[in-house]
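S.K.: Questions regarding the structure given below will be posed in turn.
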Amino acid sequence: PTGALRRLPSLRTLNLGDNLIETISDDAIPNLRDLRSLSLEWNVISYIHNAAFDGLLSLEFLNVSYNNLTDIPKQQLSKLTSLEELDLSGNKFTTIGPISFQSLFELRRLRLNSLPRLEKVDVRAFVDNIKLQSVFMEKNIELNNLPTRLFHGNPLLVDISVRGNNFILLDASHFPLDQMDSLYLAGNPLHCNCSMLWLWILARKQYDADLINVTHLPSTTDASPTSPTKAPNRILQLDIEEIRCDGPETVRNLLLIDVPEEEVRCDISW
């Protein structure tokens, strides 16, 4: 309803979700310079014009989830220099390429869930997002690998969830563990051998701390961290009650915290 929107120059929130919108043309959304929140989820959008978001200089929240986009609209998003939260879940991306969120220097929260065709994430995907605090990449059933040090260029990142993907093995170097508050991994077909010793140690540390009633700091998903360095008395929060092993056979279906230590320690010898 472009004509009607032009009469609302001070509009702050616009929800056009759950319609049958197919495309966003260059003049579909007028210059709503005060608009803070735009929701376009659950449409059938397959095309967004390069200039579609040009007039949204104050936009902080954008939801384009559950549409038919086959590529991340990189150029269109790069105009949203005030954007703090972005949800692109439920689209048809196969890859998240280098600098996919270019010029989004204010981005804090990013959701990339339920992308049924996603197979690859480039190691440089988030390099521009220096204020990123929370990343949710859940239920991407074709995603079986992450590049090493993917998140190490994001000094304020404290919360990561990669639940429900197809990861068999994960390495500690995938995540900036020393600065993080929470890491959620349940729902992956993890192979709990000695390469997963790092995760077993973290899980046991949290389990033991819970037993002695250590008070944990809450997740800072919605708060700006005061320091990029993890406090020494803070325990990384894992979803330890749900992380199960899919292999090897000796520990199949066991919770990670119930796996005997000898199953995850390698005997190193000549």
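In the structure tokens, chains take the letters A, B, ... in the order shown, each chain's residues start at 1, and ligands count up from 1 in the order shown.
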I'd like a table as CSV: residues in region 35-91 of chain A with an atom no more than 9 Å from region 7-20 of chain A, each row giving the shortest atom pair and its distance in Å to one decimal, only C-alpha atoms counted, sorted by chain and rising residue number.
M.R.:
residue,atom,partner,partner_atom,distance
A:Leu35,CA,A:Arg12,CA,4.1
A:Arg36,CA,A:Arg12,CA,5.1
A:Ser37,CA,A:Thr13,CA,4.8
A:Leu38,CA,A:Leu14,CA,5.0
A:Ser39,CA,A:Asn15,CA,4.6
A:Leu40,CA,A:Gly17,CA,4.5
A:Glu41,CA,A:Gly17,CA,4.7
A:Trp42,CA,A:Asp18,CA,4.6
A:Asn43,CA,A:Leu20,CA,5.1
A:Val44,CA,A:Leu20,CA,5.8
A:Ile45,CA,A:Leu20,CA,8.0
A:Leu59,CA,A:Arg12,CA,8.8
A:Asn63,CA,A:Gly17,CA,8.8
A:Val64,CA,A:Gly17,CA,8.6
S.K.: Print the selection's residues with N, CA and C atoms to a file, as a JSON list (two decimals), in the first residue's frame.
M.R.:
[["chain", "number", "residue", "atom", "x", "y", "z"],
["A", 35, "LEU", "N", 11.18, 5.14, 10.40],
["A", 35, "LEU", "CA", 10.80, 3.74, 10.60],
["A", 35, "LEU", "C", 11.92, 2.99, 11.32],
["A", 36, "ARG", "N", 11.55, 2.32, 12.43],
["A", 36, "ARG", "CA", 12.52, 1.55, 13.22],
["A", 36, "ARG", "C", 12.39, 0.04, 13.00],
["A", 37, "SER", "N", 11.17, -0.43, 12.71],
["A", 37, "SER", "CA", 10.92, -1.87, 12.63],
["A", 37, "SER", "C", 10.09, -2.20, 11.39],
["A", 38, "LEU", "N", 10.59, -3.16, 10.59],
["A", 38, "LEU", "CA", 9.86, -3.59, 9.39],
["A", 38, "LEU", "C", 9.79, -5.11, 9.38],
["A", 39, "SER", "N", 8.57, -5.65, 9.33],
["A", 39, "SER", "CA", 8.35, -7.09, 9.32],
["A", 39, "SER", "C", 7.72, -7.50, 7.99],
["A", 40, "LEU", "N", 8.41, -8.41, 7.30],
["A", 40, "LEU", "CA", 7.93, -8.91, 6.01],
["A", 40, "LEU", "C", 7.90, -10.44, 6.00],
["A", 41, "GLU", "N", 7.84, -11.04, 7.16],
["A", 41, "GLU", "CA", 7.93, -12.50, 7.26],
["A", 41, "GLU", "C", 6.69, -13.20, 6.71],
["A", 42, "TRP", "N", 6.87, -14.46, 6.34],
["A", 42, "TRP", "CA", 5.79, -15.32, 5.87],
["A", 42, "TRP", "C", 5.05, -14.72, 4.68],
["A", 43, "ASN", "N", 5.80, -14.19, 3.73],
["A", 43, "ASN", "CA", 5.26, -13.84, 2.43],
["A", 43, "ASN", "C", 5.83, -14.83, 1.42],
["A", 44, "VAL", "N", 5.83, -14.47, 0.15],
["A", 44, "VAL", "CA", 6.43, -15.31, -0.88],
["A", 44, "VAL", "C", 7.42, -14.47, -1.69],
["A", 45, "ILE", "N", 8.16, -13.63, -0.99],
["A", 45, "ILE", "CA", 9.08, -12.70, -1.64],
["A", 45, "ILE", "C", 10.25, -13.46, -2.26],
["A", 59, "LEU", "N", 16.16, 2.37, 10.24],
["A", 59, "LEU", "CA", 15.66, 1.03, 10.51],
["A", 59, "LEU", "C", 16.63, 0.26, 11.41],
["A", 63, "ASN", "N", 12.76, -8.13, 9.54],
["A", 63, "ASN", "CA", 12.42, -9.55, 9.51],
["A", 63, "ASN", "C", 11.93, -9.90, 8.11],
["A", 64, "VAL", "N", 12.73, -10.68, 7.38],
["A", 64, "VAL", "CA", 12.34, -11.14, 6.04],
["A", 64, "VAL", "C", 12.34, -12.67, 6.05]]
S.K.: Output as a tab-separated table one row per residue of region 21-88 of chain A within 9 Å of region 107-130 of chain A: the closest atom pair and its distance in Å to one decimal place, counting only C-alpha atoms, sorted by chain and residue number ascending.
M.R.:
residue	atom	partner	partner_atom	distance
A:Glu60	CA	A:Leu107	CA	8.5
A:Ser65	CA	A:Leu112	CA	8.7
A:Tyr66	CA	A:Ser114	CA	8.7
A:Thr81	CA	A:Leu107	CA	8.5
A:Ser82	CA	A:Leu107	CA	7.8
A:Leu83	CA	A:Leu107	CA	5.6
A:Glu84	CA	A:Leu107	CA	4.0
A:Glu85	CA	A:Arg109	CA	4.7
A:Leu86	CA	A:Leu110	CA	5.1
A:Asp87	CA	A:Arg111	CA	4.7
A:Leu88	CA	A:Leu112	CA	5.5
S.K.: One decimal, Å: what's the distance from CA of Asn140 (chain A) over to CA of Asp246 (chain A), could you say?
M.R.: 17.5 Å
S.K.: Restricting the calculation to only C-alpha atoms, which member of A:Asp208, A:Asp27, A:Glu242, A:Asp178 is positioned closest to Leu156 (chain A)?
M.R.: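 Of the candidates, the smallest distance to Leu156 (chain A) is held by A:Asp178.
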S.K.: So the first atom is CA of Gln75 (chain A) and the second is CA of Pro147 (chain A); what is the distance between them in Å, to one decimal place?
M.R.: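 Between these atoms lies a distance of 23.8 Å.
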S.K.: Would you list, as a list in words, the residues of region 7-42 of chain A that end up in strand (DSSP E or B) under DSSP run on this structure's backbone?
M.R.: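 Checking each residue of region 7-42 of chain A, the strand (DSSP E or B) ones are Thr13, Leu14, Asn15, Thr23, Ile24, Ser37, Leu38 and Ser39 of chain A.
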S.K.: DSSP on the backbone, alpha helix (DSSP H) only: what residues of region 144-218 of chain A does that give? Format it as a PyMOL selection string.
M.R.: chain A and resi 197-211
S.K.: Got time to write the residues from that selection, N, CA and C atoms, as a PDB file, in the first residue's frame?
M.R.:
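Once written, out_26.pdb looks like this:
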ATOM      1  N   LEU A 197      36.905 -33.848  23.016  1.00  0.00           N
ATOM      2  CA  LEU A 197      37.309 -33.755  24.418  1.00  0.00           C
ATOM      3  C   LEU A 197      37.068 -32.356  24.972  1.00  0.00           C
ATOM      4  N   TRP A 198      37.357 -31.325  24.179  1.00  0.00           N
ATOM      5  CA  TRP A 198      37.189 -29.940  24.640  1.00  0.00           C
ATOM      6  C   TRP A 198      35.763 -29.670  25.092  1.00  0.00           C
ATOM      7  N   LEU A 199      34.784 -30.213  24.334  1.00  0.00           N
ATOM      8  CA  LEU A 199      33.381 -29.983  24.665  1.00  0.00           C
ATOM      9  C   LEU A 199      32.980 -30.793  25.893  1.00  0.00           C
ATOM     10  N   TRP A 200      33.494 -31.997  25.987  1.00  0.00           N
ATOM     11  CA  TRP A 200      33.219 -32.831  27.166  1.00  0.00           C
ATOM     12  C   TRP A 200      33.723 -32.147  28.428  1.00  0.00           C
ATOM     13  N   ILE A 201      34.908 -31.553  28.371  1.00  0.00           N
ATOM     14  CA  ILE A 201      35.472 -30.857  29.528  1.00  0.00           C
ATOM     15  C   ILE A 201      34.595 -29.672  29.925  1.00  0.00           C
ATOM     16  N   LEU A 202      34.153 -28.897  28.940  1.00  0.00           N
ATOM     17  CA  LEU A 202      33.285 -27.754  29.244  1.00  0.00           C
ATOM     18  C   LEU A 202      31.955 -28.203  29.838  1.00  0.00           C
ATOM     19  N   ALA A 203      31.398 -29.289  29.293  1.00  0.00           N
ATOM     20  CA  ALA A 203      30.123 -29.797  29.790  1.00  0.00           C
ATOM     21  C   ALA A 203      30.253 -30.288  31.231  1.00  0.00           C
ATOM     22  N   ARG A 204      31.324 -31.009  31.500  1.00  0.00           N
ATOM     23  CA  ARG A 204      31.543 -31.504  32.869  1.00  0.00           C
ATOM     24  C   ARG A 204      31.781 -30.346  33.836  1.00  0.00           C
ATOM     25  N   LYS A 205      32.478 -29.330  33.378  1.00  0.00           N
ATOM     26  CA  LYS A 205      32.729 -28.162  34.232  1.00  0.00           C
ATOM     27  C   LYS A 205      31.419 -27.492  34.620  1.00  0.00           C
ATOM     28  N   GLN A 206      30.522 -27.331  33.659  1.00  0.00           N
ATOM     29  CA  GLN A 206      29.229 -26.729  33.968  1.00  0.00           C
ATOM     30  C   GLN A 206      28.413 -27.642  34.880  1.00  0.00           C
ATOM     31  N   TYR A 207      28.427 -28.946  34.594  1.00  0.00           N
ATOM     32  CA  TYR A 207      27.676 -29.899  35.403  1.00  0.00           C
ATOM     33  C   TYR A 207      28.151 -29.873  36.862  1.00  0.00           C
ATOM     34  N   ASP A 208      29.458 -29.874  37.055  1.00  0.00           N
ATOM     35  CA  ASP A 208      30.005 -29.841  38.414  1.00  0.00           C
ATOM     36  C   ASP A 208      29.669 -28.533  39.111  1.00  0.00           C
ATOM     37  N   ALA A 209      29.694 -27.429  38.358  1.00  0.00           N
ATOM     38  CA  ALA A 209      29.353 -26.140  38.945  1.00  0.00           C
ATOM     39  C   ALA A 209      27.894 -26.102  39.370  1.00  0.00           C
ATOM     40  N   ASP A 210      27.022 -26.701  38.556  1.00  0.00           N
ATOM     41  CA  ASP A 210      25.605 -26.751  38.923  1.00  0.00           C
ATOM     42  C   ASP A 210      25.395 -27.534  40.207  1.00  0.00           C
ATOM     43  N   LEU A 211      26.193 -28.557  40.393  1.00  0.00           N
ATOM     44  CA  LEU A 211      26.052 -29.392  41.590  1.00  0.00           C
ATOM     45  C   LEU A 211      26.371 -28.630  42.868  1.00  0.00           C
TER      46      LEU A 211
END
S.K.: For a test of reading the model, state the distance in Å between CA of Gly187 (chain A) and CA of Glu138 (chain A), rounded to one decimal.
M.R.: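 Between CA of Gly187 (chain A) and CA of Glu138 (chain A) the gap works out to 9.2 Å.
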